[in-house]
Amino acid sequence: PRRVAEFTPRVQELTDRLIDSFVERGSADLIHEFAFPLPIYAICDLLGVPAEDQDDFRDWAGMMIRHGGGPRGGVARSVKKMRGYLAELIHRKREEPGDDLISGLIKASDHGEHLTENEAAAMAFILLFAGFETTVNLIGNGVYQLLRHPEERARLQASLAAGETGLLETGVEELLRYDGPVEMATWRYATRALTIGGQEIPAGDPVLVVLAAADRDPERFEGPDTLDLARRDNQHLGYGHGIHYCLGAPLARLEGQTALATLLTRLPDLRLAADPAELRWRGGLIMRGLRTLPVEFSPSVPLSTTDEPSEM
Ligand code: HEM
């Protein structure tokens, strides 16, 4: 959380630069041009991937998110390239450490805190992998639901205009509950025979917990199918629960809050540019997210109108 708090201005800068790249056009695909690159650049920055290599990460991650829609073997090749790159980066950071997470992981491994170099590379990879598509979907599903709930969206816009952050904070949690990025938790196995909801589960059987169903449980949430951005009693399972509770929740919250607040403030008349029934959702069992999110808005001028190339 400390590292994430220090990271706040950088996430704001990345968010503004991405909006700058399409703000004059009056239209955009918010998944490809915004929700997808933001977490990639953010995690690369946090890990300490140099700016000039971050677009490679964008390409590799793009392949990974296609869920089989790309060329044959493309996902495996991208994963291999990413892992190879991270192993090499760890070598480089050992020679020249910085104030980044990879240098921190190397330091932990050098101090014998039970972390080998290989484990540090695996850790960096898992952070990228776990923190990427999830955050794409938080922004994508979040914007989509705000556009489909004009009263809630107007309420949030009014509160942001008044300089308040309370509704933004509870609102992002409510969007996670209402239409969260992770529909099912990762696989569990019953350690002993048990019965849940009348269903007998023998020891050793796999169990898939549907977080999205728990988050609409009428016994737990009042009016579960209503989007209420000010919902207070909102212990949702969007980030999981227990010892595997999401490690990246503080970063995800920061990115989600910054992305939604900046979009609604800079593009106040943001609207869907497609019939919701025609929007396509990604396949896959665990995640829930849109393939594209076409939007329109009144064009305006970029914030950064400097003549320097905008390097991310
Ligand atoms: C809105 C964005 C995110 C959502 C909804 C989300 C959701 C989740 C969920 C539901 C789990 C638990 C899975 C299970 O129990 O099977 C989890 C675990 C995890 N998440 Fe996230 N996540 C998000 C962003 C991130 C980010 C940004 C990072 C890292 C930078 C991250 C890293 C992790 C890791 C490492 C775990 C595994 C923790 C463990 O097993 O001990 N997540 N996340």
# chains A, B, ... in the order shown; residues from 1 in each chain; ligands from 1
>>> select_by_dssp(residues="segment 10-98 of chain A", states="helix (DSSP H, G or I)", output="PyMOL selection string")
chain A and resi 10-20+30-35+37-47+51-64+74-95
>>> residues_around(residues="Gly140 of chain A", least_positions_apart="4", cutoff="8 Å", atoms="only C-alpha atoms", output="ChimeraX atom specification")
/A:30-31,35,136,144,289-290,293
>>> residues_near_ligand(ligand="ligand 1", cutoff="8 Å", atoms="only C-alpha atoms and all ligand atoms", output="mmCIF file with N, CA and C atoms, in the first residue's frame")
data_model
loop_
_atom_site.group_PDB
_atom_site.id
_atom_site.type_symbol
_atom_site.label_atom_id
_atom_site.label_comp_id
_atom_site.auth_asym_id
_atom_site.auth_seq_id
_atom_site.Cartn_x
_atom_site.Cartn_y
_atom_site.Cartn_z
ATOM 1 N N PRO A 39 -3.411 -0.403 -17.104
ATOM 2 C CA PRO A 39 -2.773 -1.287 -16.118
ATOM 3 C C PRO A 39 -1.430 -1.843 -16.573
ATOM 4 N N ILE A 43 1.694 -1.313 -14.175
ATOM 5 C CA ILE A 43 2.444 -2.413 -13.550
ATOM 6 C C ILE A 43 3.894 -2.387 -14.020
ATOM 7 N N MET A 123 7.332 -14.174 -9.478
ATOM 8 C CA MET A 123 6.500 -13.219 -8.736
ATOM 9 C C MET A 123 6.145 -12.016 -9.614
ATOM 10 N N ILE A 126 3.594 -13.069 -12.133
ATOM 11 C CA ILE A 126 2.254 -13.264 -11.580
ATOM 12 C C ILE A 126 1.584 -11.916 -11.282
ATOM 13 N N LEU A 127 2.391 -10.944 -10.877
ATOM 14 C CA LEU A 127 1.817 -9.616 -10.626
ATOM 15 C C LEU A 127 1.268 -9.028 -11.924
ATOM 16 N N LEU A 128 2.035 -9.197 -12.999
ATOM 17 C CA LEU A 128 1.581 -8.706 -14.296
ATOM 18 C C LEU A 128 0.307 -9.407 -14.720
ATOM 19 N N PHE A 129 0.353 -10.729 -14.589
ATOM 20 C CA PHE A 129 -0.731 -11.545 -15.090
ATOM 21 C C PHE A 129 -2.009 -11.320 -14.279
ATOM 22 N N ALA A 130 -1.863 -11.291 -12.939
ATOM 23 C CA ALA A 130 -3.043 -11.163 -12.073
ATOM 24 C C ALA A 130 -3.593 -9.738 -12.088
ATOM 25 N N GLY A 131 -2.704 -8.777 -12.356
ATOM 26 C CA GLY A 131 -3.141 -7.389 -12.233
ATOM 27 C C GLY A 131 -3.544 -6.754 -13.534
ATOM 28 N N PHE A 132 -3.520 -7.526 -14.592
ATOM 29 C CA PHE A 132 -3.740 -6.905 -15.885
ATOM 30 C C PHE A 132 -5.201 -6.999 -16.343
ATOM 31 N N GLU A 133 -5.620 -8.208 -16.718
ATOM 32 C CA GLU A 133 -6.973 -8.336 -17.280
ATOM 33 C C GLU A 133 -8.047 -7.956 -16.250
ATOM 34 N N THR A 134 -7.747 -8.232 -14.978
ATOM 35 C CA THR A 134 -8.682 -7.860 -13.916
ATOM 36 C C THR A 134 -8.961 -6.356 -13.929
ATOM 37 N N THR A 135 -7.876 -5.583 -14.045
ATOM 38 C CA THR A 135 -8.059 -4.124 -13.996
ATOM 39 C C THR A 135 -8.696 -3.604 -15.289
ATOM 40 N N VAL A 136 -8.345 -4.236 -16.422
ATOM 41 C CA VAL A 136 -9.015 -3.874 -17.684
ATOM 42 C C VAL A 136 -10.528 -3.995 -17.481
ATOM 43 N N ASN A 137 -10.936 -5.112 -16.865
ATOM 44 C CA ASN A 137 -12.370 -5.366 -16.695
ATOM 45 C C ASN A 137 -13.007 -4.455 -15.651
ATOM 46 N N LEU A 138 -12.259 -4.091 -14.631
ATOM 47 C CA LEU A 138 -12.824 -3.155 -13.642
ATOM 48 C C LEU A 138 -13.171 -1.833 -14.341
ATOM 49 N N ILE A 139 -12.255 -1.351 -15.171
ATOM 50 C CA ILE A 139 -12.509 -0.075 -15.854
ATOM 51 C C ILE A 139 -13.609 -0.271 -16.908
ATOM 52 N N LEU A 176 -17.563 -3.127 -8.353
ATOM 53 C CA LEU A 176 -16.914 -4.438 -8.207
ATOM 54 C C LEU A 176 -17.923 -5.491 -7.778
ATOM 55 N N GLY A 180 -18.403 -7.373 -11.272
ATOM 56 C CA GLY A 180 -16.967 -7.500 -10.998
ATOM 57 C C GLY A 180 -16.187 -8.154 -12.134
ATOM 58 N N PRO A 181 -14.879 -7.894 -12.189
ATOM 59 C CA PRO A 181 -14.025 -8.444 -13.241
ATOM 60 C C PRO A 181 -13.790 -9.945 -13.118
ATOM 61 N N VAL A 182 -13.869 -10.485 -11.900
ATOM 62 C CA VAL A 182 -13.567 -11.906 -11.699
ATOM 63 C C VAL A 182 -14.860 -12.615 -11.308
ATOM 64 N N GLU A 183 -15.357 -13.425 -12.240
ATOM 65 C CA GLU A 183 -16.654 -14.054 -12.015
ATOM 66 C C GLU A 183 -16.523 -15.253 -11.071
ATOM 67 N N MET A 184 -15.423 -15.995 -11.235
ATOM 68 C CA MET A 184 -15.196 -17.180 -10.387
ATOM 69 C C MET A 184 -13.815 -17.107 -9.789
ATOM 70 N N ALA A 185 -13.683 -17.623 -8.567
ATOM 71 C CA ALA A 185 -12.357 -17.729 -7.958
ATOM 72 C C ALA A 185 -11.583 -18.827 -8.686
ATOM 73 N N THR A 186 -10.277 -18.900 -8.434
ATOM 74 C CA THR A 186 -9.491 -19.989 -9.010
ATOM 75 C C THR A 186 -9.897 -21.307 -8.328
ATOM 76 N N TRP A 187 -9.456 -22.428 -8.879
ATOM 77 C CA TRP A 187 -9.914 -23.743 -8.421
ATOM 78 C C TRP A 187 -9.578 -23.998 -6.957
ATOM 79 N N ARG A 188 -10.524 -24.584 -6.282
ATOM 80 C CA ARG A 188 -10.293 -25.119 -4.935
ATOM 81 C C ARG A 188 -10.545 -26.621 -4.993
ATOM 82 N N LEU A 211 -17.973 -16.059 -7.435
ATOM 83 C CA LEU A 211 -17.953 -14.816 -6.656
ATOM 84 C C LEU A 211 -19.110 -13.904 -7.075
ATOM 85 N N LEU A 237 -17.154 -9.853 -2.571
ATOM 86 C CA LEU A 237 -16.084 -10.836 -2.754
ATOM 87 C C LEU A 237 -15.302 -10.601 -4.044
ATOM 88 N N GLY A 238 -15.411 -9.398 -4.586
ATOM 89 C CA GLY A 238 -14.743 -9.088 -5.857
ATOM 90 C C GLY A 238 -13.238 -9.309 -5.816
ATOM 91 N N TYR A 239 -12.633 -9.134 -4.649
ATOM 92 C CA TYR A 239 -11.189 -9.375 -4.505
ATOM 93 C C TYR A 239 -10.908 -10.704 -3.797
ATOM 94 N N GLY A 240 -11.889 -11.555 -3.714
ATOM 95 C CA GLY A 240 -11.699 -12.829 -3.036
ATOM 96 C C GLY A 240 -11.826 -12.662 -1.526
ATOM 97 N N HIS A 241 -11.312 -13.669 -0.800
ATOM 98 C CA HIS A 241 -11.521 -13.690 0.646
ATOM 99 C C HIS A 241 -10.455 -14.563 1.297
ATOM 100 N N GLY A 242 -10.063 -14.236 2.499
ATOM 101 C CA GLY A 242 -9.159 -15.118 3.257
ATOM 102 C C GLY A 242 -7.702 -14.970 2.846
ATOM 103 N N ILE A 243 -6.937 -16.054 2.970
ATOM 104 C CA ILE A 243 -5.492 -15.936 2.752
ATOM 105 C C ILE A 243 -5.136 -15.618 1.308
ATOM 106 N N HIS A 244 -6.027 -15.881 0.378
ATOM 107 C CA HIS A 244 -5.719 -15.561 -1.018
ATOM 108 C C HIS A 244 -6.342 -14.241 -1.456
ATOM 109 N N TYR A 245 -6.783 -13.446 -0.494
ATOM 110 C CA TYR A 245 -7.358 -12.133 -0.825
ATOM 111 C C TYR A 245 -6.383 -11.373 -1.729
ATOM 112 N N CYS A 246 -6.938 -10.669 -2.704
ATOM 113 C CA CYS A 246 -6.120 -10.021 -3.741
ATOM 114 C C CYS A 246 -4.993 -9.155 -3.177
ATOM 115 N N LEU A 247 -3.791 -9.503 -3.606
ATOM 116 C CA LEU A 247 -2.601 -8.764 -3.189
ATOM 117 C C LEU A 247 -2.568 -7.377 -3.822
ATOM 118 N N GLY A 248 -3.215 -7.247 -4.986
ATOM 119 C CA GLY A 248 -3.123 -5.992 -5.744
ATOM 120 C C GLY A 248 -4.298 -5.054 -5.501
ATOM 121 N N ALA A 249 -5.142 -5.358 -4.488
ATOM 122 C CA ALA A 249 -6.355 -4.546 -4.299
ATOM 123 C C ALA A 249 -6.056 -3.040 -4.162
ATOM 124 N N PRO A 250 -5.014 -2.630 -3.418
ATOM 125 C CA PRO A 250 -4.774 -1.182 -3.321
ATOM 126 C C PRO A 250 -4.437 -0.554 -4.678
ATOM 127 N N LEU A 251 -3.664 -1.276 -5.498
ATOM 128 C CA LEU A 251 -3.324 -0.743 -6.825
ATOM 129 C C LEU A 251 -4.561 -0.704 -7.722
ATOM 130 N N ALA A 252 -5.358 -1.768 -7.662
ATOM 131 C CA ALA A 252 -6.570 -1.827 -8.486
ATOM 132 C C ALA A 252 -7.531 -0.694 -8.112
ATOM 133 N N ARG A 253 -7.664 -0.441 -6.803
ATOM 134 C CA ARG A 253 -8.547 0.645 -6.354
ATOM 135 C C ARG A 253 -8.051 1.988 -6.888
ATOM 136 N N GLY A 256 -8.673 2.083 -10.671
ATOM 137 C CA GLY A 256 -10.113 2.161 -10.964
ATOM 138 C C GLY A 256 -10.666 3.541 -10.628
#
>>> closest_residue(among="A:Asn118, A:Arg177, A:Glu6, A:Leu156", to="Asp99 of chain A", atoms="only C-alpha atoms")
A:Glu6
>>> residues_around(residues="Pro97 of chain A", least_positions_apart="6", cutoff="9 Å", atoms="only C-alpha atoms", output="ChimeraX atom specification")
/A:103-104,106-107
>>> write_last_selection(atoms="C-alpha atoms", output="mmCIF file, in the first residue's frame")
data_model
loop_
_atom_site.group_PDB
_atom_site.id
_atom_site.type_symbol
_atom_site.label_atom_id
_atom_site.label_comp_id
_atom_site.auth_asym_id
_atom_site.auth_seq_id
_atom_site.Cartn_x
_atom_site.Cartn_y
_atom_site.Cartn_z
ATOM 1 C CA SER A 103 14.891 -4.322 -7.198
ATOM 2 C CA GLY A 104 12.990 -4.818 -3.944
ATOM 3 C CA ILE A 106 16.022 -9.010 -5.642
ATOM 4 C CA LYS A 107 17.021 -7.417 -2.357
#
>>> atom_distance(atom1="atom CA of Glu164 of chain A", atom2="atom CA of Ser27 of chain A")
27.8 Å
>>> residues_around(residues="segment 260-276 of chain A", least_positions_apart="6", cutoff="6 Å", atoms="only C-alpha atoms", output="VMD selection string")
chain A and resid 294 to 297
>>> write_last_selection(atoms="N, CA, C and O atoms", output="PDB file, in the first residue's frame")
ATOM      1  N   PRO A 294     -17.171   0.901 -27.471  1.00  0.00           N
ATOM      2  CA  PRO A 294     -17.147   2.114 -28.292  1.00  0.00           C
ATOM      3  C   PRO A 294     -17.926   3.244 -27.606  1.00  0.00           C
ATOM      4  O   PRO A 294     -19.064   3.034 -27.169  1.00  0.00           O
ATOM      5  N   VAL A 295     -17.312   4.423 -27.519  1.00  0.00           N
ATOM      6  CA  VAL A 295     -17.965   5.569 -26.879  1.00  0.00           C
ATOM      7  C   VAL A 295     -17.815   6.812 -27.753  1.00  0.00           C
ATOM      8  O   VAL A 295     -16.939   6.873 -28.613  1.00  0.00           O
ATOM      9  N   GLU A 296     -18.675   7.800 -27.463  1.00  0.00           N
ATOM     10  CA  GLU A 296     -18.590   9.111 -28.113  1.00  0.00           C
ATOM     11  C   GLU A 296     -18.631  10.182 -27.035  1.00  0.00           C
ATOM     12  O   GLU A 296     -19.156   9.942 -25.939  1.00  0.00           O
ATOM     13  N   PHE A 297     -18.154  11.374 -27.381  1.00  0.00           N
ATOM     14  CA  PHE A 297     -18.148  12.501 -26.434  1.00  0.00           C
ATOM     15  C   PHE A 297     -17.801  13.757 -27.225  1.00  0.00           C
ATOM     16  O   PHE A 297     -17.346  13.657 -28.375  1.00  0.00           O
TER      17      PHE A 297
END
>>> atom_distance(atom1="atom CA of Ile286 of chain A", atom2="atom CA of His149 of chain A")
25.2 Å
>>> select_by_dssp(residues="segment 91-255 of chain A", states="strand (DSSP E or B)", output="NGL selection string")
:A and (182 or 184 or 188-189 or 194-196 or 199-201 or 206-207 or 210)
>>> residues_around(residues="Ala190 of chain A", least_positions_apart="3", cutoff="9 Å", atoms="only C-alpha atoms", output="list in words")
Ala193, Leu194, Ile201, Pro202, Ala203, Gly204, Asp205, Pro206 and Val207 of chain A
>>> atom_distance(atom1="atom CA of Glu151 of chain A", atom2="atom CA of Pro37 of chain A")
28.8 Å
>>> closest_residue(among="A:Val11, A:Leu47, A:Val23, A:Leu101", to="Ser300 of chain A", atoms="only C-alpha atoms")
A:Val23
